[in-house]
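Here is the file model.pdb (PDB, C-alpha atoms, pLDDT in the B column).
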```pdb
ATOM      1  CA  MET G 294      64.663   2.532  62.665  1.00 97.00           C
ATOM      2  CA  LEU G 295      66.643   0.130  60.520  1.00 98.00           C
ATOM      3  CA  LYS G 296      66.643   0.166  56.732  1.00 98.00           C
ATOM      4  CA  VAL G 297      67.457  -3.040  54.821  1.00 98.00           C
ATOM      5  CA  VAL G 298      68.574  -3.107  51.179  1.00 98.00           C
ATOM      6  CA  ALA G 299      68.711  -6.658  49.794  1.00 98.00           C
ATOM      7  CA  LYS G 300      69.806  -6.725  46.155  1.00 98.00           C
ATOM      8  CA  ALA G 301      69.265  -9.873  44.055  1.00 98.00           C
ATOM      9  CA  CYS G 302      70.622 -10.757  40.597  1.00 98.00           C
ATOM     10  CA  VAL G 303      67.862 -12.960  39.206  1.00 98.00           C
ATOM     11  CA  LYS G 304      68.436 -15.663  36.586  1.00 98.00           C
ATOM     12  CA  VAL G 305      67.191 -14.797  33.091  1.00 97.00           C
ATOM     13  CA  GLY G 306      63.587 -15.923  32.604  1.00 98.00           C
ATOM     14  CA  GLU G 307      62.920 -16.123  36.353  1.00 98.00           C
ATOM     15  CA  THR G 308      61.975 -12.512  37.166  1.00 98.00           C
ATOM     16  CA  GLU G 309      58.206 -13.132  37.061  1.00 98.00           C
ATOM     17  CA  LYS G 310      58.551 -16.095  39.431  1.00 98.00           C
ATOM     18  CA  PHE G 311      60.806 -13.967  41.670  1.00 98.00           C
ATOM     19  CA  LYS G 312      58.192 -11.189  41.763  1.00 98.00           C
ATOM     20  CA  LYS G 313      55.363 -13.653  42.512  1.00 98.00           C
ATOM     21  CA  LEU G 314      57.226 -15.190  45.453  1.00 98.00           C
ATOM     22  CA  SER G 315      58.266 -11.698  46.605  1.00 98.00           C
ATOM     23  CA  SER G 316      54.698 -10.407  46.652  1.00 98.00           C
ATOM     24  CA  GLU G 317      53.818 -13.199  49.104  1.00 98.00           C
ATOM     25  CA  LEU G 318      56.850 -12.385  51.267  1.00 98.00           C
ATOM     26  CA  ILE G 319      55.923  -8.695  51.240  1.00 98.00           C
ATOM     27  CA  ARG G 320      52.283  -9.399  52.145  1.00 98.00           C
ATOM     28  CA  GLU G 321      53.309 -11.563  55.141  1.00 98.00           C
ATOM     29  CA  SER G 322      56.112  -9.239  56.280  1.00 98.00           C
ATOM     30  CA  LEU G 323      53.873  -6.157  56.259  1.00 98.00           C
ATOM     31  CA  LYS G 324      51.732  -7.938  58.872  1.00 98.00           C
ATOM     32  CA  GLU G 325      54.656  -8.151  61.303  1.00 98.00           C
ATOM     33  CA  GLU G 326      54.389  -5.791  64.278  1.00 98.00           C
ATOM     34  CA  ALA G 327      57.898  -4.342  63.888  1.00 98.00           C
ATOM     35  CA  ASN G 328      57.606  -3.697  60.152  1.00 98.00           C
ATOM     36  CA  ILE G 329      57.349  -0.125  58.827  1.00 98.00           C
ATOM     37  CA  SER G 330      57.646  -0.727  55.077  1.00 98.00           C
ATOM     38  CA  TYR G 331      58.601  -3.529  52.682  1.00 98.00           C
ATOM     39  CA  ASN G 332      58.685  -3.408  48.882  1.00 98.00           C
ATOM     40  CA  LEU G 333      60.474  -4.789  45.829  1.00 98.00           C
ATOM     41  CA  TYR G 334      62.187  -2.556  43.278  1.00 98.00           C
ATOM     42  CA  GLU G 335      63.427  -3.180  39.756  1.00 98.00           C
ATOM     43  CA  ASP G 336      66.568  -1.525  38.374  1.00 98.00           C
ATOM     44  CA  ILE G 337      65.513   0.649  35.435  1.00 98.00           C
ATOM     45  CA  SER G 338      68.639  -0.297  33.435  1.00 98.00           C
ATOM     46  CA  ASN G 339      68.809  -3.995  34.312  1.00 98.00           C
ATOM     47  CA  LYS G 340      65.569  -5.980  34.836  1.00 97.00           C
ATOM     48  CA  GLN G 341      67.525  -8.888  36.367  1.00 98.00           C
ATOM     49  CA  ILE G 342      68.335  -6.714  39.417  1.00 98.00           C
ATOM     50  CA  LEU G 343      65.443  -6.875  41.895  1.00 98.00           C
ATOM     51  CA  THR G 344      65.929  -5.333  45.320  1.00 98.00           C
ATOM     52  CA  PHE G 345      63.968  -5.389  48.556  1.00 98.00           C
ATOM     53  CA  ILE G 346      64.022  -2.121  50.475  1.00 98.00           C
ATOM     54  CA  GLU G 347      62.540  -2.488  53.938  1.00 98.00           C
ATOM     55  CA  GLU G 348      62.165  -0.477  57.138  1.00 98.00           C
ATOM     56  CA  TRP G 349      61.990  -2.012  60.622  1.00 98.00           C
ATOM     57  CA  LYS G 350      61.335  -0.416  64.033  1.00 98.00           C
ATOM     58  CA  ASP G 351      64.322  -2.146  65.671  1.00 98.00           C
ATOM     59  CA  LYS G 352      66.956  -4.920  65.482  1.00 97.00           C
ATOM     60  CA  GLU G 353      64.824  -7.248  67.579  1.00 98.00           C
ATOM     61  CA  GLY G 354      61.935  -6.994  65.111  1.00 98.00           C
ATOM     62  CA  LEU G 355      64.251  -7.570  62.124  1.00 98.00           C
ATOM     63  CA  THR G 356      65.819 -10.609  63.804  1.00 98.00           C
ATOM     64  CA  LYS G 357      62.377 -12.041  64.534  1.00 98.00           C
ATOM     65  CA  HIS G 358      61.451 -11.453  60.857  1.00 98.00           C
ATOM     66  CA  MET G 359      64.512 -13.343  59.602  1.00 97.00           C
ATOM     67  CA  LYS G 360      63.438 -16.374  61.709  1.00 98.00           C
ATOM     68  CA  SER G 361      59.783 -16.261  60.608  1.00 98.00           C
ATOM     69  CA  PRO G 362      58.432 -19.263  58.663  1.00 97.00           C
ATOM     70  CA  HIS G 363      57.428 -17.179  55.634  1.00 97.00           C
ATOM     71  CA  PHE G 364      60.874 -15.518  55.419  1.00 98.00           C
ATOM     72  CA  VAL G 365      62.795 -18.812  55.738  1.00 98.00           C
ATOM     73  CA  ARG G 366      60.559 -20.640  53.241  1.00 98.00           C
ATOM     74  CA  ILE G 367      60.357 -17.936  50.578  1.00 98.00           C
ATOM     75  CA  MET G 368      64.010 -16.841  50.783  1.00 98.00           C
ATOM     76  CA  SER G 369      65.092 -20.450  50.149  1.00 98.00           C
ATOM     77  CA  GLU G 370      62.800 -20.512  47.060  1.00 98.00           C
ATOM     78  CA  LEU G 371      64.184 -17.171  45.844  1.00 98.00           C
ATOM     79  CA  ALA G 372      67.773 -18.375  46.316  1.00 98.00           C
ATOM     80  CA  LYS G 373      67.173 -21.127  43.734  1.00 98.00           C
ATOM     81  CA  ILE G 374      66.472 -18.553  40.996  1.00 98.00           C
ATOM     82  CA  GLN G 375      69.270 -16.093  41.791  1.00 98.00           C
ATOM     83  CA  GLU G 376      72.633 -15.896  40.003  1.00 97.00           C
ATOM     84  CA  LYS G 377      74.432 -15.387  43.349  1.00 96.00           C
ATOM     85  CA  ASP G 378      73.715 -14.614  47.017  1.00 97.00           C
ATOM     86  CA  MET G 379      71.790 -11.390  47.715  1.00 97.00           C
ATOM     87  CA  ASP G 380      73.919  -8.344  48.547  1.00 97.00           C
ATOM     88  CA  ILE G 381      72.360  -7.355  51.891  1.00 98.00           C
ATOM     89  CA  ASN G 382      73.054  -4.235  53.933  1.00 98.00           C
ATOM     90  CA  VAL G 383      71.314  -3.253  57.175  1.00 98.00           C
ATOM     91  CA  TYR G 384      71.495   0.479  57.770  1.00 98.00           C
ATOM     92  CA  THR G 385      70.778   3.102  60.365  1.00 98.00           C
ATOM     93  CA  ASN G 386      70.352   6.729  59.301  1.00 96.00           C
ATOM     94  CA  CYS G 387      73.214   9.179  59.761  1.00 96.00           C
ATOM     95  CA  PHE G 388      71.116  12.339  60.140  1.00 93.00           C
TER      96      PHE G 388
ATOM     97  CA  MET K 192      58.643   7.646  41.533  1.00 97.00           C
ATOM     98  CA  LEU K 193      62.277   6.609  41.263  1.00 98.00           C
ATOM     99  CA  LYS K 194      64.365   5.295  44.153  1.00 98.00           C
ATOM    100  CA  VAL K 195      68.159   5.661  44.060  1.00 98.00           C
ATOM    101  CA  VAL K 196      70.527   3.574  46.180  1.00 98.00           C
ATOM    102  CA  ALA K 197      74.122   4.822  45.950  1.00 98.00           C
ATOM    103  CA  LYS K 198      76.498   2.761  48.092  1.00 98.00           C
ATOM    104  CA  ALA K 199      79.978   4.087  48.923  1.00 98.00           C
ATOM    105  CA  CYS K 200      82.958   2.290  50.505  1.00 98.00           C
ATOM    106  CA  VAL K 201      84.711   5.113  52.329  1.00 98.00           C
ATOM    107  CA  LYS K 202      88.452   5.167  53.086  1.00 98.00           C
ATOM    108  CA  VAL K 203      89.340   4.498  56.727  1.00 97.00           C
ATOM    109  CA  GLY K 204      89.504   7.748  58.714  1.00 98.00           C
ATOM    110  CA  GLU K 205      87.411   9.660  56.158  1.00 98.00           C
ATOM    111  CA  THR K 206      83.858   8.823  57.288  1.00 98.00           C
ATOM    112  CA  GLU K 207      83.371  12.067  59.250  1.00 98.00           C
ATOM    113  CA  LYS K 208      84.486  14.133  56.245  1.00 98.00           C
ATOM    114  CA  PHE K 209      82.194  12.044  54.023  1.00 98.00           C
ATOM    115  CA  LYS K 210      79.238  12.692  56.336  1.00 98.00           C
ATOM    116  CA  LYS K 211      79.989  16.436  56.497  1.00 98.00           C
ATOM    117  CA  LEU K 212      80.074  16.758  52.712  1.00 98.00           C
ATOM    118  CA  SER K 213      76.985  14.551  52.439  1.00 98.00           C
ATOM    119  CA  SER K 214      74.958  16.699  54.822  1.00 98.00           C
ATOM    120  CA  GLU K 215      75.549  19.677  52.508  1.00 98.00           C
ATOM    121  CA  LEU K 216      74.544  17.607  49.452  1.00 98.00           C
ATOM    122  CA  ILE K 217      71.412  16.418  51.239  1.00 98.00           C
ATOM    123  CA  ARG K 218      70.459  19.956  52.323  1.00 98.00           C
ATOM    124  CA  GLU K 219      70.782  21.289  48.757  1.00 98.00           C
ATOM    125  CA  SER K 220      69.094  18.275  47.119  1.00 98.00           C
ATOM    126  CA  LEU K 221      66.069  18.441  49.427  1.00 98.00           C
ATOM    127  CA  LYS K 222      65.441  21.935  48.027  1.00 98.00           C
ATOM    128  CA  GLU K 223      65.076  20.574  44.483  1.00 98.00           C
ATOM    129  CA  GLU K 224      61.500  20.587  43.187  1.00 98.00           C
ATOM    130  CA  ALA K 225      61.539  16.953  42.020  1.00 98.00           C
ATOM    131  CA  ASN K 226      63.017  15.566  45.236  1.00 98.00           C
ATOM    132  CA  ILE K 227      60.863  13.477  47.603  1.00 98.00           C
ATOM    133  CA  SER K 228      63.488  12.282  50.073  1.00 98.00           C
ATOM    134  CA  TYR K 229      67.284  12.145  50.417  1.00 98.00           C
ATOM    135  CA  ASN K 230      69.317  10.729  53.290  1.00 98.00           C
ATOM    136  CA  LEU K 231      72.578   8.979  54.156  1.00 98.00           C
ATOM    137  CA  TYR K 232      72.713   5.617  55.919  1.00 98.00           C
ATOM    138  CA  GLU K 233      75.489   3.760  57.701  1.00 98.00           C
ATOM    139  CA  ASP K 234      75.810  -0.039  57.575  1.00 98.00           C
ATOM    140  CA  ILE K 235      75.438  -1.329  61.141  1.00 98.00           C
ATOM    141  CA  SER K 236      78.152  -3.966  60.606  1.00 98.00           C
ATOM    142  CA  ASN K 237      80.628  -1.905  58.580  1.00 98.00           C
ATOM    143  CA  LYS K 238      80.995   1.843  59.305  1.00 97.00           C
ATOM    144  CA  GLN K 239      82.971   2.316  56.067  1.00 98.00           C
ATOM    145  CA  ILE K 240      79.793   1.607  54.037  1.00 98.00           C
ATOM    146  CA  LEU K 241      77.759   4.806  53.702  1.00 98.00           C
ATOM    147  CA  THR K 242      74.780   4.797  51.339  1.00 98.00           C
ATOM    148  CA  PHE K 243      72.503   7.469  49.959  1.00 98.00           C
ATOM    149  CA  ILE K 244      68.887   6.402  49.573  1.00 98.00           C
ATOM    150  CA  GLU K 245      66.850   8.942  47.625  1.00 98.00           C
ATOM    151  CA  GLU K 246      63.389   9.290  46.101  1.00 98.00           C
ATOM    152  CA  TRP K 247      62.625  11.398  43.030  1.00 98.00           C
ATOM    153  CA  LYS K 248      59.309  12.268  41.354  1.00 98.00           C
ATOM    154  CA  ASP K 249      60.585  11.390  37.849  1.00 98.00           C
ATOM    155  CA  LYS K 250      63.586  10.688  35.588  1.00 97.00           C
ATOM    156  CA  GLU K 251      63.672  14.283  34.395  1.00 98.00           C
ATOM    157  CA  GLY K 252      64.065  15.565  37.949  1.00 98.00           C
ATOM    158  CA  LEU K 253      66.785  13.019  38.730  1.00 98.00           C
ATOM    159  CA  THR K 254      68.685  13.930  35.546  1.00 98.00           C
ATOM    160  CA  LYS K 255      68.476  17.617  36.440  1.00 98.00           C
ATOM    161  CA  HIS K 256      69.792  16.786  39.934  1.00 98.00           C
ATOM    162  CA  MET K 257      72.788  14.933  38.546  1.00 97.00           C
ATOM    163  CA  LYS K 258      73.729  18.044  36.521  1.00 98.00           C
ATOM    164  CA  SER K 259      73.249  20.478  39.409  1.00 98.00           C
ATOM    165  CA  PRO K 260      76.313  22.436  40.613  1.00 97.00           C
ATOM    166  CA  HIS K 261      76.061  21.119  44.177  1.00 97.00           C
ATOM    167  CA  PHE K 262      75.833  17.477  43.002  1.00 98.00           C
ATOM    168  CA  VAL K 263      78.773  17.756  40.582  1.00 98.00           C
ATOM    169  CA  ARG K 264      80.975  19.616  43.084  1.00 98.00           C
ATOM    170  CA  ILE K 265      80.267  17.466  46.145  1.00 98.00           C
ATOM    171  CA  MET K 266      80.303  14.117  44.346  1.00 98.00           C
ATOM    172  CA  SER K 267      83.784  14.896  43.001  1.00 98.00           C
ATOM    173  CA  GLU K 268      84.911  15.677  46.578  1.00 98.00           C
ATOM    174  CA  LEU K 269      83.335  12.446  47.884  1.00 98.00           C
ATOM    175  CA  ALA K 270      85.012  10.424  45.131  1.00 98.00           C
ATOM    176  CA  LYS K 271      88.444  11.420  46.499  1.00 98.00           C
ATOM    177  CA  ILE K 272      87.732   9.707  49.849  1.00 98.00           C
ATOM    178  CA  GLN K 273      86.142   6.507  48.524  1.00 98.00           C
ATOM    179  CA  GLU K 274      87.882   3.143  48.082  1.00 97.00           C
ATOM    180  CA  LYS K 275      86.137   2.641  44.727  1.00 96.00           C
ATOM    181  CA  ASP K 276      83.297   4.044  42.602  1.00 97.00           C
ATOM    182  CA  MET K 277      79.860   4.135  44.224  1.00 97.00           C
ATOM    183  CA  ASP K 278      77.574   1.181  43.446  1.00 97.00           C
ATOM    184  CA  ILE K 279      74.519   3.036  42.103  1.00 98.00           C
ATOM    185  CA  ASN K 280      71.119   1.575  41.231  1.00 98.00           C
ATOM    186  CA  VAL K 281      68.084   3.532  40.058  1.00 98.00           C
ATOM    187  CA  TYR K 282      64.871   1.682  40.782  1.00 98.00           C
ATOM    188  CA  THR K 283      61.177   1.767  40.090  1.00 98.00           C
ATOM    189  CA  ASN K 284      58.807  -0.119  42.383  1.00 96.00           C
ATOM    190  CA  CYS K 285      57.413  -3.488  41.290  1.00 96.00           C
ATOM    191  CA  PHE K 286      54.125  -3.329  43.219  1.00 93.00           C
TER     192      PHE K 286
END
```

I'd like the structure from this file rewritten - as structure tokens, please.
Amino acid sequence: MLKVVAKACVKVGETEKFKKLSSELIRESLKEEANISYNLYEDISNKQILTFIEEWKDKEGLTKHMKSPHFVRIMSELAKIQEKDMDINVYTNCF
Amino acid sequence: MLKVVAKACVKVGETEKFKKLSSELIRESLKEEANISYNLYEDISNKQILTFIEEWKDKEGLTKHMKSPHFVRIMSELAKIQEKDMDINVYTNCF
């Protein structure tokens, strides 16, 4: 199992648009065979920080996801309303 | 439900010690009434990045956790073997 944390700093005034696009990305990603979970989270002290936390069965499934039409299209839309590139980490559990 | 992502950059040669201390923190934290989940994750591209991902029932429970003896003691030990302060975000889910 792989866990992905993808943290975005969203431009002021664009968080609702970011959430709308994200809900579409989540809906499509949850349909993917290798997906376990996929959701968007808001930092309780800074509403401009919106972070995807996802779980995938394996690297192959995650790679396939990152080449999927919905991922490529929506991520390029999200990038336009971010202050900087997402801070992305792909993790495996230690215990 | 609150989700905590606490990302550490661990000094070279100290990851095993960090994991050992973390396993004790995880064991104690899982016993706390308000805890839902608590684990440590390793970045698959950079073994020096070790991140706690936790779930808590509510803010009150998380606050109590951060004042608990095991948290205070172990976090101060972990701080000694980190390159810099942990990057900590406390999240609530958007959907």

Please produce chain G as an mmCIF file with C-alpha atoms, in the coordinates of the input once it has been superposed on chain K, the fit using all Cα atoms paired in sequence order.
```
data_model
loop_
_atom_site.group_PDB
_atom_site.id
_atom_site.type_symbol
_atom_site.label_atom_id
_atom_site.label_comp_id
_atom_site.auth_asym_id
_atom_site.auth_seq_id
_atom_site.Cartn_x
_atom_site.Cartn_y
_atom_site.Cartn_z
ATOM 1 C CA MET G 294 58.669 7.668 41.543
ATOM 2 C CA LEU G 295 62.290 6.617 41.260
ATOM 3 C CA LYS G 296 64.355 5.305 44.151
ATOM 4 C CA VAL G 297 68.157 5.664 44.062
ATOM 5 C CA VAL G 298 70.531 3.577 46.189
ATOM 6 C CA ALA G 299 74.127 4.826 45.957
ATOM 7 C CA LYS G 300 76.493 2.757 48.094
ATOM 8 C CA ALA G 301 79.981 4.087 48.919
ATOM 9 C CA CYS G 302 82.961 2.295 50.495
ATOM 10 C CA VAL G 303 84.702 5.124 52.330
ATOM 11 C CA LYS G 304 88.435 5.171 53.084
ATOM 12 C CA VAL G 305 89.343 4.509 56.724
ATOM 13 C CA GLY G 306 89.505 7.756 58.706
ATOM 14 C CA GLU G 307 87.406 9.664 56.157
ATOM 15 C CA THR G 308 83.856 8.824 57.292
ATOM 16 C CA GLU G 309 83.364 12.070 59.247
ATOM 17 C CA LYS G 310 84.479 14.135 56.246
ATOM 18 C CA PHE G 311 82.189 12.031 54.020
ATOM 19 C CA LYS G 312 79.233 12.685 56.342
ATOM 20 C CA LYS G 313 79.978 16.435 56.499
ATOM 21 C CA LEU G 314 80.074 16.767 52.710
ATOM 22 C CA SER G 315 76.977 14.543 52.447
ATOM 23 C CA SER G 316 74.953 16.699 54.826
ATOM 24 C CA GLU G 317 75.551 19.667 52.498
ATOM 25 C CA LEU G 318 74.550 17.603 49.453
ATOM 26 C CA ILE G 319 71.408 16.421 51.243
ATOM 27 C CA ARG G 320 70.459 19.954 52.330
ATOM 28 C CA GLU G 321 70.787 21.286 48.748
ATOM 29 C CA SER G 322 69.102 18.274 47.122
ATOM 30 C CA LEU G 323 66.073 18.439 49.426
ATOM 31 C CA LYS G 324 65.439 21.932 48.019
ATOM 32 C CA GLU G 325 65.069 20.574 44.480
ATOM 33 C CA GLU G 326 61.494 20.584 43.170
ATOM 34 C CA ALA G 327 61.537 16.946 42.017
ATOM 35 C CA ASN G 328 63.014 15.567 45.238
ATOM 36 C CA ILE G 329 60.866 13.475 47.604
ATOM 37 C CA SER G 330 63.494 12.271 50.085
ATOM 38 C CA TYR G 331 67.285 12.146 50.423
ATOM 39 C CA ASN G 332 69.314 10.720 53.306
ATOM 40 C CA LEU G 333 72.580 8.983 54.166
ATOM 41 C CA TYR G 334 72.706 5.614 55.917
ATOM 42 C CA GLU G 335 75.485 3.758 57.696
ATOM 43 C CA ASP G 336 75.812 -0.036 57.571
ATOM 44 C CA ILE G 337 75.436 -1.330 61.129
ATOM 45 C CA SER G 338 78.147 -3.983 60.597
ATOM 46 C CA ASN G 339 80.617 -1.912 58.578
ATOM 47 C CA LYS G 340 80.997 1.837 59.297
ATOM 48 C CA GLN G 341 82.976 2.321 56.061
ATOM 49 C CA ILE G 342 79.804 1.606 54.034
ATOM 50 C CA LEU G 343 77.764 4.808 53.696
ATOM 51 C CA THR G 344 74.792 4.802 51.349
ATOM 52 C CA PHE G 345 72.507 7.477 49.955
ATOM 53 C CA ILE G 346 68.891 6.406 49.579
ATOM 54 C CA GLU G 347 66.857 8.943 47.642
ATOM 55 C CA GLU G 348 63.403 9.295 46.102
ATOM 56 C CA TRP G 349 62.636 11.413 43.028
ATOM 57 C CA LYS G 350 59.315 12.271 41.341
ATOM 58 C CA ASP G 351 60.593 11.374 37.854
ATOM 59 C CA LYS G 352 63.605 10.668 35.596
ATOM 60 C CA GLU G 353 63.690 14.260 34.389
ATOM 61 C CA GLY G 354 64.058 15.557 37.951
ATOM 62 C CA LEU G 355 66.800 13.013 38.743
ATOM 63 C CA THR G 356 68.694 13.920 35.564
ATOM 64 C CA LYS G 357 68.469 17.613 36.427
ATOM 65 C CA HIS G 358 69.784 16.782 39.934
ATOM 66 C CA MET G 359 72.807 14.921 38.551
ATOM 67 C CA LYS G 360 73.730 18.047 36.512
ATOM 68 C CA SER G 361 73.243 20.486 39.410
ATOM 69 C CA PRO G 362 76.307 22.430 40.614
ATOM 70 C CA HIS G 363 76.066 21.111 44.182
ATOM 71 C CA PHE G 364 75.828 17.473 43.003
ATOM 72 C CA VAL G 365 78.771 17.769 40.576
ATOM 73 C CA ARG G 366 80.973 19.616 43.090
ATOM 74 C CA ILE G 367 80.263 17.471 46.146
ATOM 75 C CA MET G 368 80.295 14.106 44.341
ATOM 76 C CA SER G 369 83.782 14.899 42.996
ATOM 77 C CA GLU G 370 84.907 15.677 46.591
ATOM 78 C CA LEU G 371 83.332 12.452 47.887
ATOM 79 C CA ALA G 372 85.007 10.413 45.132
ATOM 80 C CA LYS G 373 88.433 11.421 46.490
ATOM 81 C CA ILE G 374 87.729 9.710 49.835
ATOM 82 C CA GLN G 375 86.125 6.515 48.519
ATOM 83 C CA GLU G 376 87.885 3.159 48.084
ATOM 84 C CA LYS G 377 86.131 2.626 44.718
ATOM 85 C CA ASP G 378 83.298 4.044 42.590
ATOM 86 C CA MET G 379 79.846 4.134 44.223
ATOM 87 C CA ASP G 380 77.577 1.175 43.449
ATOM 88 C CA ILE G 381 74.521 3.033 42.106
ATOM 89 C CA ASN G 382 71.130 1.578 41.232
ATOM 90 C CA VAL G 383 68.086 3.547 40.065
ATOM 91 C CA TYR G 384 64.872 1.684 40.783
ATOM 92 C CA THR G 385 61.177 1.783 40.100
ATOM 93 C CA ASN G 386 58.795 -0.115 42.379
ATOM 94 C CA CYS G 387 57.402 -3.470 41.280
ATOM 95 C CA PHE G 388 54.129 -3.320 43.228
#
```

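Rounded to one decimal, atom CA of K:Phe243 and atom CA of G:Met294 lie 15.7 Å from each other.
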
Task: Selected residue of minimal separation from K:Val196 among K:Ser228, K:Pro260, K:Gln239, K:Ala270, counting only C-alpha atoms - done: K:Ser228

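Proximity of K:Met257, K:Arg264, K:Lys275, K:Leu193 to chain G, computed with only C-alpha atoms, is greatest for K:Leu193.
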
Distance table requested - chain K against chain G, cut-off 12 Å, all atoms listed in the file: one row per qualifying residue with the closest atom pair and its distance in Å to one decimal, ordered by chain and rising residue number, as CSV.
```
residue,atom,partner,partner_atom,distance
K:Met192,CA,G:Tyr334,CA,10.9
K:Leu193,CA,G:Ile337,CA,8.9
K:Lys194,CA,G:Tyr334,CA,8.2
K:Val195,CA,G:Asp336,CA,9.3
K:Val196,CA,G:Val298,CA,8.6
K:Ala197,CA,G:Val298,CA,11.0
K:Lys198,CA,G:Asn382,CA,9.7
K:Ala199,CA,G:Asn382,CA,11.9
K:Thr206,CA,G:Cys387,CA,10.9
K:Glu207,CA,G:Cys387,CA,10.6
K:Phe209,CA,G:Cys387,CA,11.0
K:Lys210,CA,G:Cys387,CA,7.8
K:Lys211,CA,G:Phe388,CA,10.4
K:Ser213,CA,G:Cys387,CA,9.8
K:Ser214,CA,G:Phe388,CA,7.9
K:Glu215,CA,G:Phe388,CA,11.5
K:Ile217,CA,G:Phe388,CA,9.8
K:Arg218,CA,G:Phe388,CA,10.9
K:Tyr229,CA,G:Phe388,CA,10.5
K:Asn230,CA,G:Phe388,CA,7.3
K:Leu231,CA,G:Cys387,CA,5.6
K:Tyr232,CA,G:Asn386,CA,4.3
K:Glu233,CA,G:Tyr384,CA,5.2
K:Asp234,CA,G:Tyr384,CA,4.4
K:Ile235,CA,G:Tyr384,CA,5.5
K:Ser236,CA,G:Val383,CA,7.7
K:Asn237,CA,G:Asn382,CA,9.2
K:Lys238,CA,G:Tyr384,CA,9.7
K:Gln239,CA,G:Tyr384,CA,11.7
K:Ile240,CA,G:Asn382,CA,8.9
K:Leu241,CA,G:Tyr384,CA,8.6
K:Thr242,CA,G:Tyr384,CA,8.4
K:Phe243,CA,G:Asn386,CA,9.6
K:Ile244,CA,G:Val298,CA,9.6
K:Glu245,CA,G:Ile346,CA,11.8
K:Lys250,CA,G:Ile337,CA,10.2
K:Asp278,CA,G:Asp380,CA,11.4
K:Ile279,CA,G:Asp336,CA,9.9
K:Asn280,CA,G:Asp336,CA,6.2
K:Val281,CA,G:Asp336,CA,5.5
K:Tyr282,CA,G:Asp336,CA,4.4
K:Thr283,CA,G:Glu335,CA,5.4
K:Asn284,CA,G:Tyr334,CA,4.3
K:Cys285,CA,G:Tyr334,CA,5.3
K:Phe286,CA,G:Leu333,CA,7.0
```

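Pairwise distance (atom CA of G:Val303, atom CA of G:Gln375) equals 4.3 Å.
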
- [ ] Can you work out the spacing between atom CA of G:Ala327 and atom CA of G:Gly354 in Å, to one decimal?
- [x] 5.0 Å
